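Data from input_30.txt: compact mmCIF, C-alpha atoms
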```txt
# COMPACT_ATOMS: atom_id res chain seq x y z
CA MET Z 1 0.00 0.00 0.00
CA ASN Z 2 1.17 3.52 -0.81
CA SER Z 3 0.46 5.24 2.50
CA SER Z 4 1.33 8.71 1.15
CA LEU Z 5 -1.18 8.77 -1.74
CA VAL Z 6 -4.97 9.06 -1.88
CA VAL Z 7 -7.09 8.47 -4.98
CA ILE Z 8 -9.85 11.03 -5.55
CA LEU Z 9 -12.51 10.23 -8.16
CA THR Z 10 -15.26 12.36 -9.65
CA ALA Z 11 -18.08 11.80 -12.13
CA LEU Z 12 -18.31 15.24 -13.78
CA ASN Z 13 -15.72 17.58 -15.24
CA LEU Z 14 -16.99 20.34 -12.96
CA GLU Z 15 -16.17 18.16 -9.96
CA TYR Z 16 -12.82 17.13 -11.43
CA ASP Z 17 -11.78 20.75 -12.00
CA ALA Z 18 -12.70 21.70 -8.43
CA VAL Z 19 -10.27 19.10 -7.06
CA ARG Z 20 -7.61 19.69 -9.71
CA SER Z 21 -7.46 23.40 -8.84
CA ARG Z 22 -6.17 22.37 -5.41
CA LEU Z 23 -3.28 20.27 -6.77
CA THR Z 24 0.26 21.51 -7.26
CA ASP Z 25 1.97 20.53 -10.52
CA PRO Z 26 -0.51 17.81 -11.60
CA ARG Z 27 1.04 15.41 -14.13
CA VAL Z 28 -0.68 12.97 -16.44
CA HIS Z 29 -0.41 9.29 -15.52
CA ARG Z 30 -1.52 7.00 -18.37
CA HIS Z 31 -3.01 3.62 -17.60
CA PRO Z 32 -2.29 0.90 -20.22
CA ALA Z 33 -6.04 0.55 -20.87
CA GLY Z 34 -6.30 4.22 -21.87
CA THR Z 35 -7.53 5.83 -18.64
CA ARG Z 36 -5.79 9.07 -17.77
CA PHE Z 37 -5.18 10.11 -14.20
CA GLU Z 38 -3.41 13.20 -12.95
CA VAL Z 39 -1.05 12.96 -9.99
CA GLY Z 40 -0.09 16.00 -7.94
CA ARG Z 41 0.27 17.27 -4.40
CA LEU Z 42 -2.15 19.17 -2.22
CA GLY Z 43 -0.38 22.46 -1.62
CA GLY Z 44 3.39 22.61 -1.57
CA ASN Z 45 4.11 19.81 0.90
CA GLY Z 46 0.77 18.04 1.13
CA CYS Z 47 -0.07 14.43 0.39
CA ARG Z 48 -0.01 13.04 -3.13
CA VAL Z 49 -3.33 12.67 -4.94
CA ALA Z 50 -4.18 10.62 -8.02
CA LEU Z 51 -7.24 12.25 -9.59
CA GLY Z 52 -9.54 10.45 -12.02
CA LEU Z 53 -12.78 11.02 -13.92
CA VAL Z 54 -15.17 8.04 -14.02
CA GLY Z 55 -18.28 9.48 -15.70
CA LYS Z 56 -21.89 8.96 -14.64
CA GLY Z 57 -23.25 5.71 -13.20
CA ASN Z 58 -22.26 3.04 -10.71
CA HIS Z 59 -20.94 0.61 -13.31
CA PRO Z 60 -18.19 2.79 -14.85
CA ALA Z 61 -17.43 4.13 -11.38
CA ALA Z 62 -16.80 0.59 -10.11
CA VAL Z 63 -14.57 -0.36 -13.05
CA LEU Z 64 -12.41 2.76 -12.93
CA ALA Z 65 -12.24 2.75 -9.14
CA GLU Z 66 -10.91 -0.81 -9.32
CA ARG Z 67 -8.42 0.32 -11.98
CA ALA Z 68 -7.20 3.19 -9.80
CA MET Z 69 -6.85 0.96 -6.75
CA ALA Z 70 -4.77 -1.59 -8.67
CA GLU Z 71 -2.64 1.08 -10.32
CA PHE Z 72 -1.78 3.21 -7.28
CA SER Z 73 -2.35 0.98 -4.21
CA PRO Z 74 -3.62 4.06 -2.33
CA ALA Z 75 -4.12 4.58 1.37
CA ALA Z 76 -7.77 5.42 0.65
CA VAL Z 77 -10.23 6.41 -2.08
CA ILE Z 78 -12.47 9.48 -1.82
CA PHE Z 79 -15.36 10.00 -4.20
CA VAL Z 80 -16.27 13.68 -4.60
CA GLY Z 81 -19.26 15.26 -6.30
CA VAL Z 82 -22.77 16.67 -6.07
CA ALA Z 83 -26.01 15.06 -4.95
CA GLY Z 84 -29.68 15.85 -4.50
CA ALA Z 85 -31.12 16.33 -1.01
CA LEU Z 86 -34.00 14.08 0.09
CA TRP Z 87 -35.00 15.95 3.26
CA PRO Z 88 -35.75 19.65 3.91
CA SER Z 89 -33.22 19.72 6.77
CA ILE Z 90 -30.39 19.26 4.27
CA ARG Z 91 -29.68 22.68 2.80
CA LEU Z 92 -28.24 23.60 -0.57
CA GLY Z 93 -24.46 23.85 -0.26
CA ASP Z 94 -24.26 21.47 2.71
CA VAL Z 95 -21.78 18.59 2.61
CA VAL Z 96 -22.88 15.00 3.18
CA VAL Z 97 -20.37 12.31 4.11
CA ALA Z 98 -21.91 8.89 3.53
CA SER Z 99 -22.12 6.91 6.76
CA GLN Z 100 -23.67 4.22 4.58
CA VAL Z 101 -24.10 3.80 0.83
CA TYR Z 102 -27.29 2.10 -0.37
CA ALA Z 103 -27.46 0.44 -3.79
CA TYR Z 104 -31.20 0.96 -4.00
CA HIS Z 105 -31.98 -0.59 -7.38
CA GLY Z 106 -31.62 -4.17 -6.14
CA GLY Z 107 -34.94 -5.99 -5.79
CA THR Z 108 -37.21 -8.83 -6.85
CA SER Z 109 -40.45 -8.45 -8.79
CA GLU Z 110 -43.33 -10.56 -7.40
CA ASP Z 111 -47.07 -10.75 -8.01
CA ASP Z 112 -47.79 -8.35 -5.17
CA GLY Z 113 -45.17 -5.83 -6.20
CA LEU Z 114 -41.46 -5.01 -6.17
CA LYS Z 115 -39.61 -6.13 -3.05
CA ALA Z 116 -36.37 -4.45 -2.02
CA ARG Z 117 -33.14 -6.42 -1.73
CA PRO Z 118 -30.97 -3.90 0.10
CA LYS Z 119 -27.21 -3.76 -0.33
CA ALA Z 120 -25.18 -1.34 1.75
CA TRP Z 121 -21.60 -0.43 2.64
CA GLU Z 122 -20.62 1.44 5.81
CA ILE Z 123 -17.86 4.03 6.03
CA PRO Z 124 -14.73 2.42 7.59
CA HIS Z 125 -14.55 3.19 11.29
CA GLY Z 126 -11.12 4.85 11.28
CA ALA Z 127 -11.88 7.03 8.25
CA GLY Z 128 -15.24 7.95 9.73
CA GLN Z 129 -13.63 9.04 13.00
CA ILE Z 130 -11.13 11.23 11.14
CA ALA Z 131 -13.90 12.79 9.03
CA GLN Z 132 -16.00 13.52 12.12
CA HIS Z 133 -13.03 15.17 13.83
CA LEU Z 134 -12.32 17.26 10.73
CA ALA Z 135 -15.93 18.42 10.50
CA ARG Z 136 -16.03 19.52 14.15
CA GLY Z 137 -13.16 21.94 13.71
CA GLY Z 138 -14.33 23.83 10.63
CA GLU Z 139 -10.76 24.68 9.60
CA TRP Z 140 -11.25 22.68 6.40
CA PHE Z 141 -13.32 25.47 4.85
CA ARG Z 142 -11.66 28.52 3.37
CA GLY Z 143 -14.40 30.14 1.35
CA ARG Z 144 -15.02 33.70 0.32
CA PRO Z 145 -14.85 36.33 3.07
CA GLY Z 146 -18.10 36.33 5.00
CA ASP Z 147 -19.16 32.86 3.86
CA ALA Z 148 -20.46 30.65 6.64
CA VAL Z 149 -18.87 27.23 7.07
CA PRO Z 150 -21.19 24.70 5.36
CA ARG Z 151 -22.81 22.13 7.60
CA VAL Z 152 -21.39 18.61 7.31
CA HIS Z 153 -23.86 15.73 7.73
CA PHE Z 154 -22.93 12.10 8.37
CA ALA Z 155 -25.81 10.06 7.05
CA PRO Z 156 -26.75 7.39 4.48
CA ILE Z 157 -26.69 8.17 0.75
CA ALA Z 158 -28.76 6.32 -1.87
CA ALA Z 159 -27.01 5.47 -5.15
CA GLY Z 160 -28.98 4.33 -8.20
CA GLU Z 161 -28.84 4.46 -11.97
CA ILE Z 162 -31.09 7.41 -12.82
CA VAL Z 163 -31.23 11.13 -12.11
CA GLN Z 164 -34.04 11.71 -9.61
CA ASP Z 165 -35.78 15.08 -9.98
CA SER Z 166 -39.17 14.46 -8.40
CA ALA Z 167 -40.52 14.06 -4.89
CA VAL Z 168 -43.71 12.24 -5.93
CA SER Z 169 -42.67 9.83 -8.71
CA ASP Z 170 -42.75 6.03 -8.28
CA GLN Z 171 -38.97 6.15 -8.01
CA ALA Z 172 -39.11 8.79 -5.25
CA ARG Z 173 -41.76 6.87 -3.31
CA TRP Z 174 -39.70 3.66 -3.60
CA VAL Z 175 -36.63 5.32 -2.13
CA ARG Z 176 -38.63 6.99 0.63
CA GLN Z 177 -40.37 3.70 1.54
CA HIS Z 178 -37.32 1.44 1.61
CA TYR Z 179 -34.42 3.82 2.33
CA ASN Z 180 -36.08 6.53 4.34
CA ASP Z 181 -32.98 7.38 6.39
CA ALA Z 182 -31.03 8.36 3.24
CA VAL Z 183 -30.54 12.12 3.11
CA ALA Z 184 -29.11 12.42 -0.40
CA ILE Z 185 -29.30 10.62 -3.72
CA GLU Z 186 -26.76 10.18 -6.54
CA MET Z 187 -25.44 7.69 -9.12
CA GLU Z 188 -21.87 6.49 -8.44
CA ALA Z 189 -21.15 5.79 -4.76
CA ALA Z 190 -22.33 2.16 -4.79
CA GLY Z 191 -19.89 1.23 -7.53
CA VAL Z 192 -16.91 2.82 -5.77
CA ALA Z 193 -17.88 1.32 -2.42
CA GLN Z 194 -18.14 -2.16 -3.95
CA ALA Z 195 -14.70 -1.79 -5.57
CA GLY Z 196 -13.18 -0.85 -2.21
CA HIS Z 197 -14.88 -3.78 -0.49
CA LEU Z 198 -13.42 -6.19 -3.06
CA ASN Z 199 -9.92 -4.70 -2.66
CA ARG Z 200 -9.23 -5.99 0.85
CA ALA Z 201 -11.76 -3.53 2.30
CA LEU Z 202 -9.75 -0.51 1.17
CA PRO Z 203 -11.17 2.61 2.89
CA VAL Z 204 -13.67 4.45 0.66
CA VAL Z 205 -15.24 7.76 1.70
CA VAL Z 206 -18.03 9.40 -0.30
CA VAL Z 207 -18.27 13.20 0.01
CA ARG Z 208 -21.17 15.00 -1.68
CA GLY Z 209 -22.10 18.66 -1.94
CA ILE Z 210 -25.84 19.31 -2.11
CA SER Z 211 -26.66 21.09 -5.37
CA ASP Z 212 -30.43 20.44 -5.68
CA ARG Z 213 -33.40 18.97 -3.82
CA ALA Z 214 -34.29 16.08 -6.18
CA ASP Z 215 -37.84 17.43 -6.23
CA GLY Z 216 -38.36 18.94 -9.68
CA THR Z 217 -36.48 22.18 -9.00
CA LYS Z 218 -33.09 21.04 -10.34
CA THR Z 219 -33.26 23.34 -13.38
CA ALA Z 220 -33.88 26.33 -11.13
CA THR Z 221 -31.09 25.51 -8.66
CA ASP Z 222 -28.66 24.80 -11.50
CA GLY Z 223 -29.56 28.21 -12.91
CA GLU Z 224 -28.64 29.75 -9.55
CA ASN Z 225 -25.14 28.19 -9.82
CA TRP Z 226 -25.59 25.82 -6.90
CA GLN Z 227 -23.63 23.08 -8.66
CA PRO Z 228 -20.24 24.90 -8.64
CA ARG Z 229 -20.84 26.11 -5.09
CA ALA Z 230 -21.72 22.63 -3.83
CA VAL Z 231 -18.78 21.13 -5.71
CA ALA Z 232 -16.38 23.65 -4.16
CA HIS Z 233 -17.59 22.75 -0.66
CA ALA Z 234 -17.28 19.00 -1.30
CA ALA Z 235 -13.81 19.39 -2.83
CA ALA Z 236 -12.64 21.49 0.12
CA PHE Z 237 -13.74 18.87 2.63
CA ALA Z 238 -12.45 15.93 0.57
CA THR Z 239 -8.96 17.35 0.05
CA ALA Z 240 -8.68 18.28 3.74
CA LEU Z 241 -9.79 14.75 4.56
CA ALA Z 242 -7.15 13.28 2.24
CA GLN Z 243 -4.46 15.18 4.15
CA GLU Z 244 -5.80 13.93 7.48
CA LEU Z 245 -6.03 10.32 6.31
CA VAL Z 246 -2.39 10.31 5.19
CA ALA Z 247 -1.21 12.14 8.32
CA ASP Z 248 -3.07 9.67 10.54
CA GLY Z 249 -1.54 6.74 8.65
CA ALA Z 250 1.96 8.18 9.08
CA ALA Z 251 1.38 8.76 12.80
CA SER Z 252 0.14 5.20 13.18
CA GLN Z 253 3.26 3.86 11.45
CA ARG Z 254 5.54 5.93 13.70
CA GLU Z 255 3.76 4.68 16.81
CA THR Z 256 4.07 1.08 15.64
CA ALA Z 257 7.78 1.54 14.89
CA GLN Z 258 8.31 3.12 18.32
CA ARG Z 259 6.58 0.22 20.06
CA ASP Z 260 8.69 -2.25 18.07
CA ARG Z 261 11.90 -0.43 19.05
CA GLN Z 262 10.88 -0.41 22.70
CA THR Z 263 10.12 -4.11 22.56
CA GLN Z 264 13.47 -4.87 20.94
CA MET Z 265 15.43 -2.73 23.42
CA GLY Z 266 13.81 -4.50 26.33
CA MET Z 267 14.38 -7.97 24.88
CA THR Z 268 16.77 -10.40 26.57
CA ASN Z 269 18.25 -13.38 24.73
CA ARG Z 270 19.33 -16.43 26.69
CA ASN Z 271 20.62 -19.37 24.66
CA VAL Z 272 21.60 -22.67 26.26
CA ALA Z 273 23.74 -25.12 24.28
CA SER Z 274 24.11 -28.75 25.27
CA GLY Z 275 25.64 -31.81 23.72
CA ASN Z 276 26.96 -31.00 20.25
CA ALA Z 277 24.79 -27.87 19.83
CA ARG Z 278 26.43 -24.52 19.08
CA VAL Z 279 25.36 -20.96 19.76
CA GLY Z 280 25.95 -18.93 16.62
CA VAL Z 281 24.56 -15.45 17.41
CA GLN Z 282 23.62 -13.99 20.77
CA ALA Z 283 22.85 -10.26 20.73
CA GLY Z 284 20.51 -7.63 22.10
CA GLN Z 285 21.20 -5.12 19.32
CA ILE Z 286 22.71 -5.81 15.90
CA HIS Z 287 24.25 -3.13 13.69
CA GLY Z 288 25.20 -3.87 10.10
CA ASN Z 289 24.28 -6.70 7.76
CA VAL Z 290 23.75 -9.98 9.60
CA THR Z 291 21.90 -12.95 8.14
CA VAL Z 292 20.49 -15.62 10.42
CA GLY Z 293 19.08 -18.76 8.84
CA ARG Z 294 19.07 -19.76 5.19
CA GLU Z 295 19.89 -17.31 2.41
CA PRO Z 296 16.94 -16.19 0.26
CA GLU Z 297 16.27 -18.48 -2.66
CA PRO Z 298 17.95 -17.14 -5.83
CA PRO Z 299 15.76 -16.68 -8.91
CA ALA Z 300 15.53 -19.85 -10.99
CA ASP Z 301 15.04 -18.14 -14.35
CA LEU Z 302 16.77 -14.87 -15.24
CA ALA Z 303 14.26 -13.81 -17.89
CA THR Z 304 11.35 -14.25 -15.47
CA ALA Z 305 13.28 -12.53 -12.68
CA ILE Z 306 14.01 -9.50 -14.87
CA GLY Z 307 10.34 -9.33 -15.86
CA ASP Z 308 9.31 -9.39 -12.18
CA LEU Z 309 11.92 -6.73 -11.47
CA ARG Z 310 10.30 -4.42 -14.01
CA GLY Z 311 7.01 -4.69 -12.14
CA LEU Z 312 8.70 -3.83 -8.83
CA LEU Z 313 10.44 -0.89 -10.47
CA ARG Z 314 7.16 0.54 -11.75
CA GLN Z 315 5.52 0.10 -8.36
CA ALA Z 316 8.37 1.93 -6.64
CA HIS Z 317 7.95 4.78 -9.12
CA ARG Z 318 4.19 4.94 -8.55
CA ASP Z 319 4.77 4.97 -4.79
CA GLY Z 320 7.07 7.98 -5.09
CA GLN Z 321 10.19 6.04 -4.02
CA LEU Z 322 11.93 6.83 -7.32
CA ASP Z 323 11.86 10.19 -9.05
CA GLU Z 324 11.22 10.46 -12.78
CA ALA Z 325 14.89 10.73 -13.83
CA THR Z 326 16.04 7.80 -11.66
CA TYR Z 327 13.13 5.66 -12.83
CA ALA Z 328 13.89 6.38 -16.50
CA ALA Z 329 17.59 5.56 -16.03
CA ALA Z 330 16.75 2.31 -14.20
CA GLU Z 331 14.29 1.33 -16.97
CA THR Z 332 17.07 1.90 -19.53
CA GLU Z 333 19.48 -0.33 -17.63
CA LEU Z 334 16.77 -2.99 -17.32
CA ASP Z 335 16.17 -2.85 -21.08
CA THR Z 336 19.90 -3.22 -21.64
CA ALA Z 337 20.03 -6.18 -19.27
CA GLY Z 338 17.19 -7.84 -21.18
CA ASP Z 339 19.09 -7.43 -24.45
CA CYS Z 340 22.32 -8.74 -22.92
CA LEU Z 341 20.50 -11.79 -21.61
CA LYS Z 342 19.87 -12.86 -25.22
CA ASP Z 343 23.60 -12.79 -25.92
CA GLU Z 344 24.90 -16.04 -24.46
CA THR Z 345 28.57 -15.24 -25.11
CA PRO Z 346 30.95 -14.44 -22.22
CA GLN Z 347 30.92 -10.79 -23.35
CA GLY Z 348 27.12 -10.73 -23.20
CA ARG Z 349 27.06 -12.22 -19.71
CA SER Z 350 29.65 -9.72 -18.53
CA ALA Z 351 27.64 -6.82 -19.98
CA LEU Z 352 24.53 -8.20 -18.26
CA VAL Z 353 26.23 -8.07 -14.85
CA VAL Z 354 27.55 -4.56 -15.46
CA SER Z 355 24.10 -3.30 -16.43
CA LEU Z 356 22.48 -4.89 -13.39
CA ARG Z 357 25.14 -3.36 -11.12
CA ARG Z 358 24.41 0.07 -12.54
CA MET Z 359 20.73 -0.48 -11.89
CA ARG Z 360 21.42 -1.58 -8.32
CA GLY Z 361 23.24 1.72 -7.75
CA LEU Z 362 20.24 3.65 -9.05
CA VAL Z 363 17.72 1.89 -6.79
CA ALA Z 364 19.95 1.54 -3.72
CA ASP Z 365 17.53 3.58 -1.58
CA VAL Z 366 14.66 1.15 -2.26
CA THR Z 367 15.63 -1.77 -0.03
CA GLU Z 368 13.43 -4.50 -1.49
CA LEU Z 369 14.30 -3.56 -5.05
CA ALA Z 370 18.05 -3.37 -4.40
CA ALA Z 371 17.98 -6.78 -2.66
CA ARG Z 372 16.16 -8.32 -5.62
CA VAL Z 373 18.70 -6.89 -8.09
CA ALA Z 374 21.57 -8.22 -5.94
CA ALA Z 375 20.07 -11.73 -6.04
CA ILE Z 376 19.78 -11.56 -9.83
CA ILE Z 377 23.39 -10.33 -10.13
CA ALA Z 378 24.58 -13.34 -8.12
CA VAL Z 379 22.87 -15.72 -10.56
CA ALA Z 380 24.13 -13.79 -13.60
CA LYS Z 381 27.71 -13.89 -12.31
CA GLY Z 382 27.44 -17.64 -11.98
CA LEU Z 383 26.65 -17.89 -15.67
CA SER Z 384 29.48 -15.63 -16.89
```
What do you get writing this file as structure tokens?
Amino acid sequence: MNSSLVVILTALNLEYDAVRSRLTDPRVHRHPAGTRFEVGRLGGNGCRVALGLVGKGNHPAAVLAERAMAEFSPAAVIFVGVAGALWPSIRLGDVVVASQVYAYHGGTSEDDGLKARPKAWEIPHGAGQIAQHLARGGEWFRGRPGDAVPRVHFAPIAAGEIVQDSAVSDQARWVRQHYNDAVAIEMEAAGVAQAGHLNRALPVVVVRGISDRADGTKTATDGENWQPRAVAHAAAFATALAQELVADGAASQRETAQRDRQTQMGMTNRNVASGNARVGVQAGQIHGNVTVGREPEPPADLATAIGDLRGLLRQAHRDGQLDEATYAAAETELDTAGDCLKDETPQGRSALVVSLRRMRGLVADVTELAARVAAIIAVAKGLS
């Protein structure tokens, strides 16, 4: 998992632009299937964000959310956009954070009518706690002078496949009858929530700005520019939340590391040897490179090992462990190594080792990657 990056997804260009305007130096990241993301930082030293546009509907939202999760291995995914309010207490411009997401179009048709088959996803506990804390402070909102801080509601959201703009239609009555605690309605959250659930329960948070009342007045509220105002509020809360999620993850890692160090410092080793047994290592603290036990298994096939190495290299680049120049240079050396592998002469084997050594120097700061290159070098030297 890349604990320093959060994926933010939107359905509309208006929503995308509201988030993008908060990124520093956004750069295009092309997925092999054609999807384009932009990766930048929030402010000068903020967390990294991968921003993507999924379009309308739960189905494309699910597919592209899954794609983003696989591509970036983020700490969390936040879905940002507008929604229609279902209750008068939810005002235009308010922000709703989904405590639950209902996929309300599931059901079974029987002789006596349509019966609901509810499907729901709850906000992860940790992310929900952070969002609640953020909302209490109000520092997340930096609007125009004189603007009041929008209210933030934590409540269920209903996600379907159609735009609801009526309070009395069959659709509206169905939602009110079966999902009457939902305070807002939209079209993408169920897909994103399902994708997160299927990716080892990756945290997904849905943040919606209220731009209309889903009651037949959408044209009027759109004409009053409530969409851009609601989007701005949702984007402000979502980007502040992204910062808090990453900061909380970093703090948690530091606390875990501190506990581990304290445990190690307080550890006492007592080895007793009898008969022909020998004590090889007995230490409270070890500095330097010491290996206890069997050496890691060397790669059996160089071509496969180099292919696996390319995947690790790309992941390290996506995680921000390698900058663009270092990544490009390492890719070049890996290409050279692949070409040398085809040359089975002593000169080719020698060139292979040299290229791999250069690559190891480039990725020396990425421990796992450097160790993998070293293991491949050992096998290559055996062949030369």
Just the residues within 12 Å of region 13-28 of chain Z, please, counting all atoms listed in the file, with nothing from its chain fewer than 3 positions along; format it as a compact mmCIF listing (two decimals) with C-alpha atoms, keeping the file's coordinate frame.
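Heads up, here's the output in part_5.txt:
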```
# COMPACT_ATOMS: atom_id res chain seq x y z
CA VAL Z 7 -7.09 8.47 -4.98
CA ILE Z 8 -9.85 11.03 -5.55
CA LEU Z 9 -12.51 10.23 -8.16
CA THR Z 10 -15.26 12.36 -9.65
CA HIS Z 31 -3.01 3.62 -17.60
CA GLY Z 34 -6.30 4.22 -21.87
CA THR Z 35 -7.53 5.83 -18.64
CA ARG Z 36 -5.79 9.07 -17.77
CA PHE Z 37 -5.18 10.11 -14.20
CA GLU Z 38 -3.41 13.20 -12.95
CA VAL Z 39 -1.05 12.96 -9.99
CA GLY Z 40 -0.09 16.00 -7.94
CA ARG Z 41 0.27 17.27 -4.40
CA LEU Z 42 -2.15 19.17 -2.22
CA GLY Z 43 -0.38 22.46 -1.62
CA GLY Z 44 3.39 22.61 -1.57
CA ASN Z 45 4.11 19.81 0.90
CA GLY Z 46 0.77 18.04 1.13
CA CYS Z 47 -0.07 14.43 0.39
CA ARG Z 48 -0.01 13.04 -3.13
CA VAL Z 49 -3.33 12.67 -4.94
CA ALA Z 50 -4.18 10.62 -8.02
CA LEU Z 51 -7.24 12.25 -9.59
CA GLY Z 52 -9.54 10.45 -12.02
CA LEU Z 53 -12.78 11.02 -13.92
CA VAL Z 54 -15.17 8.04 -14.02
CA GLY Z 55 -18.28 9.48 -15.70
CA LYS Z 56 -21.89 8.96 -14.64
CA ILE Z 78 -12.47 9.48 -1.82
CA PHE Z 79 -15.36 10.00 -4.20
CA VAL Z 80 -16.27 13.68 -4.60
CA GLY Z 81 -19.26 15.26 -6.30
CA VAL Z 82 -22.77 16.67 -6.07
CA ALA Z 83 -26.01 15.06 -4.95
CA VAL Z 207 -18.27 13.20 0.01
CA ARG Z 208 -21.17 15.00 -1.68
CA GLY Z 209 -22.10 18.66 -1.94
CA SER Z 211 -26.66 21.09 -5.37
CA ASN Z 225 -25.14 28.19 -9.82
CA TRP Z 226 -25.59 25.82 -6.90
CA GLN Z 227 -23.63 23.08 -8.66
CA PRO Z 228 -20.24 24.90 -8.64
CA ARG Z 229 -20.84 26.11 -5.09
CA ALA Z 230 -21.72 22.63 -3.83
CA VAL Z 231 -18.78 21.13 -5.71
CA ALA Z 232 -16.38 23.65 -4.16
CA HIS Z 233 -17.59 22.75 -0.66
CA ALA Z 234 -17.28 19.00 -1.30
CA ALA Z 235 -13.81 19.39 -2.83
CA ALA Z 236 -12.64 21.49 0.12
CA PHE Z 237 -13.74 18.87 2.63
CA ALA Z 238 -12.45 15.93 0.57
CA THR Z 239 -8.96 17.35 0.05
CA ALA Z 240 -8.68 18.28 3.74
CA ALA Z 242 -7.15 13.28 2.24
CA GLU Z 324 11.22 10.46 -12.78
```
Which one is closest to Glu161 (chain Z): Z:Arg144, Z:His59, Z:Lys119, Z:Arg259? Count all atoms listed in the file.
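For Glu161 (chain Z), the nearest of the candidates is Z:His59.
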With 4 Å of padding per side, what axis-aligned box (centre and edge lengths, Å, one decimal) covers all the listed atoms of region 341-351 of chain Z? Give it as JSON.
```
{"center_x": 25.4, "center_y": -11.4, "center_z": -22.2, "size_x": 19.1, "size_y": 17.2, "size_z": 15.4}
```
Calculate how many Å separate CA of Glu344 (chain Z) from CA of Gly307 (chain Z), rounding to one decimal.
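Between CA of Glu344 (chain Z) and CA of Gly307 (chain Z) the gap is 18.2 Å.
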Z:His133, Z:Arg151, Z:Arg372, Z:Arg318: which is nearest Leu5 (chain Z), counting all atoms listed in the file?
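Between Z:His133, Z:Arg151, Z:Arg372, Z:Arg318, the residue approaching Leu5 (chain Z) most closely is Z:Arg318.
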What residues have an atom no more than 12 Å from (20.2, -1.6, -10.8) in the file's own frame, counting only C-alpha atoms, and can you write them as a PyMOL selection string?
chain Z and resi 306+309-310+312-313+326-337+352-377
I need the residues from that last selection saved to file as a PDB file, keeping the file's coordinate frame (with C-alpha atoms), if you can.
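Writing the result to selection_20.pdb gives the following:
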```pdb
ATOM      1  CA  ILE Z 306      14.010  -9.500 -14.870  1.00  0.00           C
ATOM      2  CA  LEU Z 309      11.920  -6.730 -11.470  1.00  0.00           C
ATOM      3  CA  ARG Z 310      10.300  -4.420 -14.010  1.00  0.00           C
ATOM      4  CA  LEU Z 312       8.700  -3.830  -8.830  1.00  0.00           C
ATOM      5  CA  LEU Z 313      10.440  -0.890 -10.470  1.00  0.00           C
ATOM      6  CA  THR Z 326      16.040   7.800 -11.660  1.00  0.00           C
ATOM      7  CA  TYR Z 327      13.130   5.660 -12.830  1.00  0.00           C
ATOM      8  CA  ALA Z 328      13.890   6.380 -16.500  1.00  0.00           C
ATOM      9  CA  ALA Z 329      17.590   5.560 -16.030  1.00  0.00           C
ATOM     10  CA  ALA Z 330      16.750   2.310 -14.200  1.00  0.00           C
ATOM     11  CA  GLU Z 331      14.290   1.330 -16.970  1.00  0.00           C
ATOM     12  CA  THR Z 332      17.070   1.900 -19.530  1.00  0.00           C
ATOM     13  CA  GLU Z 333      19.480  -0.330 -17.630  1.00  0.00           C
ATOM     14  CA  LEU Z 334      16.770  -2.990 -17.320  1.00  0.00           C
ATOM     15  CA  ASP Z 335      16.170  -2.850 -21.080  1.00  0.00           C
ATOM     16  CA  THR Z 336      19.900  -3.220 -21.640  1.00  0.00           C
ATOM     17  CA  ALA Z 337      20.030  -6.180 -19.270  1.00  0.00           C
ATOM     18  CA  LEU Z 352      24.530  -8.200 -18.260  1.00  0.00           C
ATOM     19  CA  VAL Z 353      26.230  -8.070 -14.850  1.00  0.00           C
ATOM     20  CA  VAL Z 354      27.550  -4.560 -15.460  1.00  0.00           C
ATOM     21  CA  SER Z 355      24.100  -3.300 -16.430  1.00  0.00           C
ATOM     22  CA  LEU Z 356      22.480  -4.890 -13.390  1.00  0.00           C
ATOM     23  CA  ARG Z 357      25.140  -3.360 -11.120  1.00  0.00           C
ATOM     24  CA  ARG Z 358      24.410   0.070 -12.540  1.00  0.00           C
ATOM     25  CA  MET Z 359      20.730  -0.480 -11.890  1.00  0.00           C
ATOM     26  CA  ARG Z 360      21.420  -1.580  -8.320  1.00  0.00           C
ATOM     27  CA  GLY Z 361      23.240   1.720  -7.750  1.00  0.00           C
ATOM     28  CA  LEU Z 362      20.240   3.650  -9.050  1.00  0.00           C
ATOM     29  CA  VAL Z 363      17.720   1.890  -6.790  1.00  0.00           C
ATOM     30  CA  ALA Z 364      19.950   1.540  -3.720  1.00  0.00           C
ATOM     31  CA  ASP Z 365      17.530   3.580  -1.580  1.00  0.00           C
ATOM     32  CA  VAL Z 366      14.660   1.150  -2.260  1.00  0.00           C
ATOM     33  CA  THR Z 367      15.630  -1.770  -0.030  1.00  0.00           C
ATOM     34  CA  GLU Z 368      13.430  -4.500  -1.490  1.00  0.00           C
ATOM     35  CA  LEU Z 369      14.300  -3.560  -5.050  1.00  0.00           C
ATOM     36  CA  ALA Z 370      18.050  -3.370  -4.400  1.00  0.00           C
ATOM     37  CA  ALA Z 371      17.980  -6.780  -2.660  1.00  0.00           C
ATOM     38  CA  ARG Z 372      16.160  -8.320  -5.620  1.00  0.00           C
ATOM     39  CA  VAL Z 373      18.700  -6.890  -8.090  1.00  0.00           C
ATOM     40  CA  ALA Z 374      21.570  -8.220  -5.940  1.00  0.00           C
ATOM     41  CA  ALA Z 375      20.070 -11.730  -6.040  1.00  0.00           C
ATOM     42  CA  ILE Z 376      19.780 -11.560  -9.830  1.00  0.00           C
ATOM     43  CA  ILE Z 377      23.390 -10.330 -10.130  1.00  0.00           C
TER      44      ILE Z 377
END
```
Straight-line distance linking CA of Ser89 (chain Z) with CA of Pro156 (chain Z), stated in Å to one decimal
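A separation of 14.1 Å between them.
Atom pair CA of Ile210 (chain Z) / CA of Ile185 (chain Z): separated by 9.5 Å.
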Nearest to Ala68 (chain Z): which of Z:Val6, Z:Ala155, Z:Val379, Z:Ala98 is it, counting only C-alpha atoms?
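Ranking Z:Val6, Z:Ala155, Z:Val379, Z:Ala98 by distance to Ala68 (chain Z), first place goes to Z:Val6.
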